[in-house]
Number of protein chains: 2
Amino acid sequence: MLEKYVKLLKENSIKVTPQRLETLKYLDENRTHPTVDEIYSELKEKNPSLSKTTIYNSLETLKEHGIIQSLTISGTELRYDFENKIHHHFLCKKCGNIIDIDIECPNINKILNSGHEVEEVHGYFKGKCKKCMKKGS
Amino acid sequence: MLEKYVKLLKENSIKVTPQRLETLKYLDENRTHPTVDEIYSELKEKNPSLSKTTIYNSLETLKEHGIIQSLTISGTELRYDFENKIHHHFLCKKCGNIIDIDIECPNINKILNSGHEVEEVHGYFKGKCKKCMKKGS
DNA sequence: TATTATATTGTAATTATTACAAATTAGAAA
DNA sequence: TTTCTAATTTGTAATAATTACAATATAATA
Ligand SMILES: [Mn+2]
Ligand SMILES: [Mn+2]
Ligand SMILES: [Zn+2]
Ligand SMILES: [Zn+2]
C-alpha cells in the first residue's frame, strides 16, 4: 500500500520514515490542497505522538526534491499539492475550495528569454466558483 | 502633490484621511511590492503616532475598491501593488526582488467558459533573476 | 548488531494578521 | 462656521502560521 511512496522517497535518496510516508499518502489521497494544520490534525489521529514540526520538515523536504509543490494562493498559509506538474488553480472566495485548472502557462518562454531562470510557475485565479454561482447568493 | 490621491479616493467615495493619502503615495512611489511592515515603518517616521492597524485597514479598503492589489507571491506575508491592472510577477529567490512581468494571462477565457466568475488573476514565477544570474554563485 | 548521521519531538520564540474598545476626526447637516 | 455623527484611527491584546532549537529516537550503513 505504501510501496508507491517508499519508491518515491528512495528514488530521491530521502530516508524512508513513517511520518514522510503518511504525509505523502495523505497528500496523494486528498487533492484538496490542504494546509499544514489539516494534514497534521488528520495524521495525529492515527499517530498521537506526531509533531507538527515534523509535518513542516517533511513537507519542506518533499518540496525541495520536487516531489510535491506548495501554493501561496490563500496568502495567510501555505497549501500543499501532491501533483508536481505545472497547473493553475482557482480559489473560490465563497466556499474556499481550491480547484485545479489544467492549463500550462504559455508565457514561460517569454520570461526565460528575458534572462531569468524559472523554477516555479504559479497561476492563480480567484472569484466565485461554478457551484457557488449556481447556488446564487 | 497629494491631489492625485485625493481624487482617487473621492472617485471611489472613500473618506480622505492623511493616513490613506500617505499610504497611496508610498505605494505609488515605491513599486517594489512592499510588505505591510515596510509601508508602516517608513510612514511612521513622518508620523510617529501612526498605528499599524491603520495600515492594514487602509490597504484593505483600497484593495476592496480595486485601487490597489495584493500579492500572495511570497507566502508568508501579503505584498501590495499600486498598479491595479493584471500583470505577472517574478520573485527572485536569491535577492528577494519582485519584478513586474508585463503580460496578460491568455487563459482567462478558458476559466470563464468553465462557469467560474473571475475577480483576480495572479501569475507568479519564482527562480533566479537576470541580475543574480550574471553575478553567478 | 553497532554506529552515526539524520529525523522526530516538544517547546519556545518569532512574525503576520485579526479583534476590539476607546479616542479622534472627516464630512454632512444645520 | 459650528455641530453632529458615523467612520476612522489608535493601542493593545489575541490568534495563527512559521521557525528555531536542543534533547531523544531511529533509518540506513558498515
Ligand atoms: Mn493542484
Ligand atoms: Mn506589480
Ligand atoms: Zn465555491
Ligand atoms: Zn535576484
# chains A, B, ... in the order shown; residues from 1 in each chain; ligands from 1

$ interface_residues --of "chain B" --to "chain D" --cutoff "10 Å" --atoms "only C-alpha atoms (C1' of nucleotides)" --output "number ranges by chain"
B: 15, 17, 19, 49-55, 57-58, 76

$ select_by_dssp --residues "chain B" --states "strand (DSSP E or B)" --output "PyMOL selection string"
chain B and resi 35+69-71+79-81+88-92+98-101+117-128

$ atom_distance --atom1 "atom CA of Val6 of chain A" --atom2 "atom 1 (Mn, counted along the ligand's line) of ligand 1"
22.3 Å

$ interface_residues --of "chain C" --to "chain A" --cutoff "8 Å" --atoms "only C-alpha atoms (C1' of nucleotides)" --output "list of chain:residue names"
C:DT8, C:DT9, C:DG10

$ interface_residues --of "chain A" --to "chain B" --cutoff "9 Å" --atoms "only C-alpha atoms" --output "short mmCIF file (atom, residue, chain, number, x, y, z; two decimals) with all heavy atoms, in the first residue's frame"
data_model
loop_
_atom_site.label_atom_id
_atom_site.label_comp_id
_atom_site.auth_asym_id
_atom_site.auth_seq_id
_atom_site.Cartn_x
_atom_site.Cartn_y
_atom_site.Cartn_z
N LEU A 71 1.52 25.93 -2.57
CA LEU A 71 0.77 27.04 -3.15
C LEU A 71 0.71 28.19 -2.16
O LEU A 71 0.51 27.98 -0.97
CB LEU A 71 -0.68 26.61 -3.45
CG LEU A 71 -0.94 25.34 -4.26
CD1 LEU A 71 -2.43 25.23 -4.56
CD2 LEU A 71 -0.13 25.33 -5.53
N THR A 72 0.83 29.40 -2.67
CA THR A 72 0.69 30.59 -1.83
C THR A 72 -0.61 31.30 -2.16
O THR A 72 -0.77 32.49 -1.89
CB THR A 72 1.87 31.56 -2.03
OG1 THR A 72 1.90 31.97 -3.40
CG2 THR A 72 3.19 30.91 -1.69
N ILE A 73 -1.53 30.58 -2.72
CA ILE A 73 -2.76 31.20 -3.24
C ILE A 73 -3.60 31.90 -2.17
O ILE A 73 -4.22 32.93 -2.43
CB ILE A 73 -3.62 30.16 -4.00
CG1 ILE A 73 -4.73 30.86 -4.80
CG2 ILE A 73 -4.18 29.11 -3.06
CD1 ILE A 73 -5.42 29.96 -5.78
N SER A 74 -3.59 31.34 -0.95
CA SER A 74 -4.51 31.91 0.05
C SER A 74 -3.88 33.03 0.86
O SER A 74 -4.56 33.71 1.62
CB SER A 74 -5.06 30.81 0.95
OG SER A 74 -4.04 30.25 1.72
N GLY A 75 -2.59 33.21 0.76
CA GLY A 75 -1.97 34.36 1.39
C GLY A 75 -1.60 34.17 2.83
O GLY A 75 -0.48 34.46 3.24
N THR A 76 -2.50 33.65 3.62
CA THR A 76 -2.22 33.53 5.05
C THR A 76 -1.53 32.22 5.42
O THR A 76 -1.00 32.10 6.51
CB THR A 76 -3.51 33.66 5.88
OG1 THR A 76 -4.49 32.77 5.35
CG2 THR A 76 -4.03 35.08 5.82
N GLU A 77 -1.61 31.23 4.55
CA GLU A 77 -0.94 29.97 4.88
C GLU A 77 -0.56 29.22 3.62
O GLU A 77 -1.15 29.43 2.57
CB GLU A 77 -1.86 29.10 5.75
CG GLU A 77 -2.89 28.32 4.99
CD GLU A 77 -4.28 28.88 5.15
OE1 GLU A 77 -4.84 28.77 6.23
OE2 GLU A 77 -4.82 29.43 4.16
N LEU A 78 0.43 28.38 3.76
CA LEU A 78 0.85 27.58 2.61
C LEU A 78 -0.06 26.37 2.47
O LEU A 78 -0.57 25.84 3.45
CB LEU A 78 2.30 27.10 2.82
CG LEU A 78 3.40 28.13 2.59
CD1 LEU A 78 4.76 27.52 2.93
CD2 LEU A 78 3.39 28.60 1.15
N PHE A 90 -7.83 27.70 -9.07
CA PHE A 90 -8.91 28.66 -8.86
C PHE A 90 -9.35 28.59 -7.41
O PHE A 90 -9.73 27.52 -6.92
CB PHE A 90 -10.09 28.33 -9.79
CG PHE A 90 -11.22 29.33 -9.68
CD1 PHE A 90 -11.32 30.40 -10.57
CD2 PHE A 90 -12.19 29.21 -8.70
CE1 PHE A 90 -12.34 31.33 -10.47
CE2 PHE A 90 -13.22 30.14 -8.58
CZ PHE A 90 -13.29 31.20 -9.47
N CYS A 92 -12.07 29.73 -4.75
CA CYS A 92 -13.39 30.31 -4.60
C CYS A 92 -13.46 31.06 -3.27
O CYS A 92 -13.26 30.50 -2.20
CB CYS A 92 -14.48 29.24 -4.63
SG CYS A 92 -16.13 29.93 -4.39
N ILE A 101 -6.92 23.83 -12.31
CA ILE A 101 -7.21 24.28 -13.67
C ILE A 101 -6.10 23.72 -14.54
O ILE A 101 -4.94 24.09 -14.38
CB ILE A 101 -7.22 25.82 -13.78
CG1 ILE A 101 -8.17 26.45 -12.75
CG2 ILE A 101 -7.58 26.25 -15.20
CD1 ILE A 101 -9.63 26.29 -13.05
N ILE A 103 -4.22 23.87 -17.12
CA ILE A 103 -3.60 24.57 -18.24
C ILE A 103 -2.13 24.88 -17.94
O ILE A 103 -1.74 25.06 -16.80
CB ILE A 103 -4.33 25.89 -18.57
CG1 ILE A 103 -4.55 26.72 -17.31
CG2 ILE A 103 -5.66 25.62 -19.24
CD1 ILE A 103 -5.28 28.02 -17.55
N CYS A 105 1.18 27.43 -18.64
CA CYS A 105 1.36 28.85 -18.89
C CYS A 105 2.12 29.02 -20.20
O CYS A 105 3.23 28.53 -20.34
CB CYS A 105 2.14 29.48 -17.75
SG CYS A 105 2.47 31.23 -18.05
N PRO A 106 1.52 29.72 -21.17
CA PRO A 106 2.15 29.87 -22.47
C PRO A 106 3.21 30.96 -22.47
O PRO A 106 3.79 31.25 -23.50
CB PRO A 106 1.00 30.26 -23.39
CG PRO A 106 -0.17 30.54 -22.50
CD PRO A 106 0.24 30.44 -21.08
N ASN A 107 3.44 31.56 -21.29
CA ASN A 107 4.33 32.72 -21.24
C ASN A 107 5.73 32.42 -20.73
O ASN A 107 6.57 33.30 -20.69
CB ASN A 107 3.72 33.79 -20.32
CG ASN A 107 2.54 34.47 -20.97
OD1 ASN A 107 2.61 34.87 -22.12
ND2 ASN A 107 1.45 34.59 -20.24
N ILE A 108 5.94 31.17 -20.33
CA ILE A 108 7.22 30.85 -19.70
C ILE A 108 8.41 31.23 -20.57
O ILE A 108 9.39 31.79 -20.10
CB ILE A 108 7.30 29.36 -19.32
CG1 ILE A 108 6.11 29.01 -18.42
CG2 ILE A 108 8.59 29.07 -18.59
CD1 ILE A 108 6.13 27.61 -17.91
N ILE A 111 9.57 34.72 -20.26
CA ILE A 111 10.37 35.00 -19.07
C ILE A 111 11.78 34.50 -19.26
O ILE A 111 12.76 35.19 -18.95
CB ILE A 111 9.77 34.29 -17.83
CG1 ILE A 111 8.26 34.41 -17.80
CG2 ILE A 111 10.41 34.83 -16.56
CD1 ILE A 111 7.77 35.80 -17.70
N SER A 114 13.96 36.64 -21.26
CA SER A 114 14.38 37.90 -20.65
C SER A 114 15.56 37.68 -19.71
O SER A 114 16.02 38.61 -19.06
CB SER A 114 13.21 38.56 -19.94
OG SER A 114 12.76 37.76 -18.89
N GLY A 115 16.02 36.45 -19.58
CA GLY A 115 17.24 36.19 -18.85
C GLY A 115 17.07 35.63 -17.45
O GLY A 115 18.03 35.34 -16.77
N HIS A 116 15.83 35.50 -17.00
CA HIS A 116 15.60 34.93 -15.67
C HIS A 116 15.60 33.40 -15.75
O HIS A 116 15.32 32.83 -16.80
CB HIS A 116 14.26 35.40 -15.12
CG HIS A 116 14.09 36.89 -15.11
ND1 HIS A 116 15.05 37.74 -14.60
CD2 HIS A 116 13.09 37.68 -15.55
CE1 HIS A 116 14.64 38.99 -14.73
NE2 HIS A 116 13.46 38.99 -15.32
N GLU A 117 15.90 32.78 -14.62
CA GLU A 117 15.82 31.33 -14.54
C GLU A 117 14.58 30.94 -13.73
O GLU A 117 14.47 31.30 -12.56
CB GLU A 117 17.07 30.78 -13.85
CG GLU A 117 17.11 29.27 -13.78
CD GLU A 117 18.36 28.78 -13.06
OE1 GLU A 117 18.39 28.91 -11.81
OE2 GLU A 117 19.29 28.32 -13.70
N VAL A 118 13.67 30.26 -14.37
CA VAL A 118 12.39 29.96 -13.72
C VAL A 118 12.39 28.57 -13.08
O VAL A 118 12.69 27.58 -13.72
CB VAL A 118 11.25 30.04 -14.75
CG1 VAL A 118 9.93 29.63 -14.09
CG2 VAL A 118 11.13 31.44 -15.33
N GLU A 119 12.07 28.55 -11.78
CA GLU A 119 11.98 27.27 -11.07
C GLU A 119 10.54 26.88 -10.77
O GLU A 119 10.19 25.72 -10.71
CB GLU A 119 12.75 27.36 -9.74
CG GLU A 119 14.27 27.42 -9.92
CD GLU A 119 14.97 27.75 -8.62
OE1 GLU A 119 14.40 27.51 -7.54
OE2 GLU A 119 16.10 28.29 -8.68
N GLU A 120 9.72 27.90 -10.52
CA GLU A 120 8.32 27.63 -10.19
C GLU A 120 7.39 28.52 -11.01
O GLU A 120 7.71 29.67 -11.27
CB GLU A 120 8.05 27.92 -8.70
CG GLU A 120 8.74 26.99 -7.74
CD GLU A 120 8.38 27.33 -6.28
OE1 GLU A 120 7.20 27.60 -6.00
OE2 GLU A 120 9.30 27.34 -5.44
N VAL A 121 6.26 27.97 -11.37
CA VAL A 121 5.24 28.73 -12.09
C VAL A 121 3.90 28.55 -11.38
O VAL A 121 3.49 27.43 -11.10
CB VAL A 121 5.10 28.24 -13.55
CG1 VAL A 121 4.03 29.03 -14.28
CG2 VAL A 121 6.43 28.34 -14.28
N HIS A 122 3.29 29.67 -11.02
CA HIS A 122 2.01 29.62 -10.33
C HIS A 122 0.98 30.47 -11.05
O HIS A 122 1.22 31.66 -11.29
CB HIS A 122 2.16 30.14 -8.89
CG HIS A 122 3.16 29.40 -8.07
ND1 HIS A 122 2.78 28.45 -7.14
CD2 HIS A 122 4.51 29.46 -8.03
CE1 HIS A 122 3.87 27.94 -6.57
NE2 HIS A 122 4.94 28.54 -7.08
N GLY A 123 -0.14 29.88 -11.37
CA GLY A 123 -1.25 30.64 -11.96
C GLY A 123 -2.46 30.54 -11.06
O GLY A 123 -2.99 29.46 -10.84
N TYR A 124 -2.83 31.67 -10.46
CA TYR A 124 -3.95 31.66 -9.53
C TYR A 124 -5.09 32.54 -10.03
O TYR A 124 -4.87 33.70 -10.40
CB TYR A 124 -3.52 32.20 -8.16
CG TYR A 124 -2.38 31.44 -7.50
CD1 TYR A 124 -1.42 32.13 -6.76
CD2 TYR A 124 -2.28 30.07 -7.59
CE1 TYR A 124 -0.38 31.46 -6.14
CE2 TYR A 124 -1.24 29.38 -6.97
CZ TYR A 124 -0.29 30.08 -6.25
OH TYR A 124 0.75 29.41 -5.63
N PHE A 125 -6.29 32.01 -10.00
CA PHE A 125 -7.49 32.79 -10.26
C PHE A 125 -8.31 32.80 -8.98
O PHE A 125 -8.38 31.80 -8.28
CB PHE A 125 -8.31 32.17 -11.40
CG PHE A 125 -7.54 32.01 -12.67
CD1 PHE A 125 -6.91 30.81 -12.98
CD2 PHE A 125 -7.43 33.06 -13.57
CE1 PHE A 125 -6.18 30.67 -14.15
CE2 PHE A 125 -6.71 32.93 -14.74
CZ PHE A 125 -6.07 31.73 -15.04
N LYS A 126 -8.94 33.92 -8.69
CA LYS A 126 -9.79 33.98 -7.51
C LYS A 126 -11.13 34.58 -7.89
O LYS A 126 -11.20 35.49 -8.72
CB LYS A 126 -9.14 34.83 -6.41
CG LYS A 126 -7.75 34.35 -6.03
CD LYS A 126 -7.16 35.13 -4.88
CE LYS A 126 -5.69 34.76 -4.68
NZ LYS A 126 -5.08 35.42 -3.52
N GLY A 127 -12.18 34.08 -7.29
CA GLY A 127 -13.52 34.59 -7.61
C GLY A 127 -14.58 33.69 -7.00
O GLY A 127 -14.44 33.26 -5.86
N LYS A 128 -15.65 33.47 -7.76
CA LYS A 128 -16.73 32.61 -7.27
C LYS A 128 -16.83 31.41 -8.20
O LYS A 128 -16.92 31.58 -9.42
CB LYS A 128 -18.05 33.39 -7.25
CG LYS A 128 -19.05 32.85 -6.22
CD LYS A 128 -20.44 33.33 -6.48
CE LYS A 128 -20.77 34.66 -5.82
NZ LYS A 128 -22.22 34.98 -5.93
N CYS A 129 -16.78 30.22 -7.63
CA CYS A 129 -16.75 29.02 -8.45
C CYS A 129 -18.11 28.69 -9.05
O CYS A 129 -19.14 29.16 -8.60
CB CYS A 129 -16.20 27.83 -7.67
SG CYS A 129 -17.41 27.02 -6.58
N LYS A 130 -18.06 27.89 -10.07
CA LYS A 130 -19.24 27.39 -10.79
C LYS A 130 -20.39 27.01 -9.84
O LYS A 130 -21.49 27.53 -9.95
CB LYS A 130 -18.79 26.15 -11.56
CG LYS A 130 -19.68 25.71 -12.66
CD LYS A 130 -19.02 24.48 -13.31
CE LYS A 130 -19.83 23.95 -14.47
NZ LYS A 130 -19.07 22.89 -15.19
N LYS A 131 -20.08 26.13 -8.89
CA LYS A 131 -21.10 25.64 -7.96
C LYS A 131 -21.74 26.77 -7.16
O LYS A 131 -22.95 26.85 -7.03
CB LYS A 131 -20.49 24.62 -6.98
CG LYS A 131 -20.31 23.24 -7.58
CD LYS A 131 -19.94 22.24 -6.47
CE LYS A 131 -19.69 20.85 -7.06
NZ LYS A 131 -19.18 19.89 -6.05
N CYS A 132 -20.89 27.65 -6.63
CA CYS A 132 -21.41 28.76 -5.83
C CYS A 132 -22.20 29.72 -6.70
O CYS A 132 -23.14 30.37 -6.23
CB CYS A 132 -20.27 29.46 -5.12
SG CYS A 132 -19.55 28.48 -3.78
N MET A 133 -21.83 29.85 -7.96
CA MET A 133 -22.58 30.71 -8.88
C MET A 133 -24.01 30.18 -9.04
O MET A 133 -24.97 30.95 -9.00
CB MET A 133 -21.90 30.73 -10.26
CG MET A 133 -20.59 31.48 -10.31
SD MET A 133 -20.80 33.26 -10.06
CE MET A 133 -21.45 33.71 -11.66
#

$ select_by_dssp --residues "segment 42-110 of chain B" --states "alpha helix (DSSP H)" --output "PyMOL selection string"
chain B and resi 42-46+52-64+108-110

$ residues_near_ligand --ligand "ligand 2" --cutoff "9 Å" --atoms "only C-alpha atoms (C1' of nucleotides) and all ligand atoms" --output "number ranges by chain"
B: 31-33, 69, 71, 80-89, 98-102

$ write_last_selection --atoms "N, CA and C atoms" --output "mmCIF file, in the first residue's frame"
data_model
loop_
_atom_site.group_PDB
_atom_site.id
_atom_site.type_symbol
_atom_site.label_atom_id
_atom_site.label_comp_id
_atom_site.auth_asym_id
_atom_site.auth_seq_id
_atom_site.Cartn_x
_atom_site.Cartn_y
_atom_site.Cartn_z
ATOM 1 N N ARG B 31 7.386 51.080 -6.141
ATOM 2 C CA ARG B 31 6.789 49.980 -6.911
ATOM 3 C C ARG B 31 7.534 48.676 -6.685
ATOM 4 N N THR B 32 7.952 48.470 -5.439
ATOM 5 C CA THR B 32 8.723 47.275 -5.089
ATOM 6 C C THR B 32 7.859 46.172 -4.489
ATOM 7 N N HIS B 33 6.521 46.412 -4.480
ATOM 8 C CA HIS B 33 5.606 45.449 -3.865
ATOM 9 C C HIS B 33 5.939 45.275 -2.388
ATOM 10 N N GLN B 69 -3.768 46.387 -5.570
ATOM 11 C CA GLN B 69 -3.946 44.938 -5.471
ATOM 12 C C GLN B 69 -2.929 44.350 -4.515
ATOM 13 N N LEU B 71 -0.535 40.907 -3.395
ATOM 14 C CA LEU B 71 0.129 39.721 -3.928
ATOM 15 C C LEU B 71 0.371 38.704 -2.825
ATOM 16 N N TYR B 80 1.836 44.609 -1.463
ATOM 17 C CA TYR B 80 0.875 45.469 -2.124
ATOM 18 C C TYR B 80 1.454 46.180 -3.333
ATOM 19 N N ASP B 81 0.569 46.477 -4.279
ATOM 20 C CA ASP B 81 0.976 46.982 -5.588
ATOM 21 C C ASP B 81 0.041 48.119 -6.006
ATOM 22 N N PHE B 82 0.602 49.275 -6.250
ATOM 23 C CA PHE B 82 -0.208 50.405 -6.707
ATOM 24 C C PHE B 82 -0.808 50.122 -8.079
ATOM 25 N N GLU B 83 -0.089 49.373 -8.883
ATOM 26 C CA GLU B 83 -0.598 49.011 -10.216
ATOM 27 C C GLU B 83 -1.763 48.028 -10.048
ATOM 28 N N ASN B 84 -2.924 48.423 -10.521
ATOM 29 C CA ASN B 84 -4.088 47.548 -10.312
ATOM 30 C C ASN B 84 -4.491 46.747 -11.556
ATOM 31 N N LYS B 85 -3.806 46.966 -12.649
ATOM 32 C CA LYS B 85 -4.074 46.158 -13.858
ATOM 33 C C LYS B 85 -3.454 44.773 -13.686
ATOM 34 N N ILE B 86 -4.017 43.823 -14.418
ATOM 35 C CA ILE B 86 -3.468 42.472 -14.338
ATOM 36 C C ILE B 86 -2.085 42.431 -14.983
ATOM 37 N N HIS B 87 -1.128 41.959 -14.222
ATOM 38 C CA HIS B 87 0.187 41.698 -14.783
ATOM 39 C C HIS B 87 0.812 40.574 -13.983
ATOM 40 N N HIS B 88 1.927 40.050 -14.462
ATOM 41 C CA HIS B 88 2.557 38.923 -13.776
ATOM 42 C C HIS B 88 3.755 39.390 -12.955
ATOM 43 N N HIS B 89 4.262 38.480 -12.127
ATOM 44 C CA HIS B 89 5.387 38.826 -11.258
ATOM 45 C C HIS B 89 6.423 37.725 -11.224
ATOM 46 N N ILE B 98 10.914 41.469 -6.345
ATOM 47 C CA ILE B 98 9.738 41.049 -7.099
ATOM 48 C C ILE B 98 9.619 41.957 -8.317
ATOM 49 N N ILE B 99 9.742 41.359 -9.475
ATOM 50 C CA ILE B 99 9.814 42.108 -10.732
ATOM 51 C C ILE B 99 8.488 42.003 -11.482
ATOM 52 N N ASP B 100 8.038 43.132 -12.029
ATOM 53 C CA ASP B 100 6.829 43.117 -12.845
ATOM 54 C C ASP B 100 7.100 42.437 -14.179
ATOM 55 N N ILE B 101 6.198 41.579 -14.570
ATOM 56 C CA ILE B 101 6.275 40.957 -15.886
ATOM 57 C C ILE B 101 5.024 41.412 -16.626
ATOM 58 N N ASP B 102 5.247 42.179 -17.674
ATOM 59 C CA ASP B 102 4.099 42.846 -18.275
ATOM 60 C C ASP B 102 3.388 41.999 -19.316
#

$ decode --residues "chain C" --atoms "C-alpha atoms (C1' of nucleotides)" --output "PDB file, in the first residue's frame"
ATOM      1  C1'  DT C   1      24.369  -5.887  15.722  1.00  0.00           C
ATOM      2  C1'  DA C   2      26.738  -1.462  16.446  1.00  0.00           C
ATOM      3  C1'  DT C   3      27.393   3.045  14.825  1.00  0.00           C
ATOM      4  C1'  DT C   4      26.251   7.534  13.333  1.00  0.00           C
ATOM      5  C1'  DA C   5      24.248  10.934  10.696  1.00  0.00           C
ATOM      6  C1'  DT C   6      19.732  12.233  10.163  1.00  0.00           C
ATOM      7  C1'  DA C   7      14.896  12.725  11.614  1.00  0.00           C
ATOM      8  C1'  DT C   8      11.432  13.420  15.144  1.00  0.00           C
ATOM      9  C1'  DT C   9       9.624  15.507  19.078  1.00  0.00           C
ATOM     10  C1'  DG C  10       8.310  19.158  22.263  1.00  0.00           C
ATOM     11  C1'  DT C  11       8.703  23.601  23.481  1.00  0.00           C
ATOM     12  C1'  DA C  12       9.703  28.329  22.953  1.00  0.00           C
ATOM     13  C1'  DA C  13      10.314  32.318  20.005  1.00  0.00           C
ATOM     14  C1'  DT C  14       9.100  34.966  16.124  1.00  0.00           C
ATOM     15  C1'  DT C  15       6.144  37.022  12.752  1.00  0.00           C
ATOM     16  C1'  DA C  16       1.894  38.255  10.335  1.00  0.00           C
ATOM     17  C1'  DT C  17      -2.697  39.127  10.935  1.00  0.00           C
ATOM     18  C1'  DT C  18      -7.109  39.980  13.245  1.00  0.00           C
ATOM     19  C1'  DA C  19     -10.190  41.556  17.103  1.00  0.00           C
ATOM     20  C1'  DC C  20     -11.818  45.083  19.668  1.00  0.00           C
ATOM     21  C1'  DA C  21     -12.853  49.158  22.513  1.00  0.00           C
ATOM     22  C1'  DA C  22     -11.718  53.967  23.384  1.00  0.00           C
ATOM     23  C1'  DA C  23     -10.423  58.306  21.328  1.00  0.00           C
ATOM     24  C1'  DT C  24     -10.348  61.087  17.276  1.00  0.00           C
ATOM     25  C1'  DT C  25     -11.858  63.101  13.020  1.00  0.00           C
ATOM     26  C1'  DA C  26     -13.922  63.811   8.091  1.00  0.00           C
ATOM     27  C1'  DG C  27     -17.641  65.409   6.052  1.00  0.00           C
ATOM     28  C1'  DA C  28     -22.580  66.223   6.038  1.00  0.00           C
ATOM     29  C1'  DA C  29     -26.162  68.997   8.010  1.00  0.00           C
ATOM     30  C1'  DA C  30     -27.721  72.901  10.420  1.00  0.00           C
TER      31       DA C  30
END
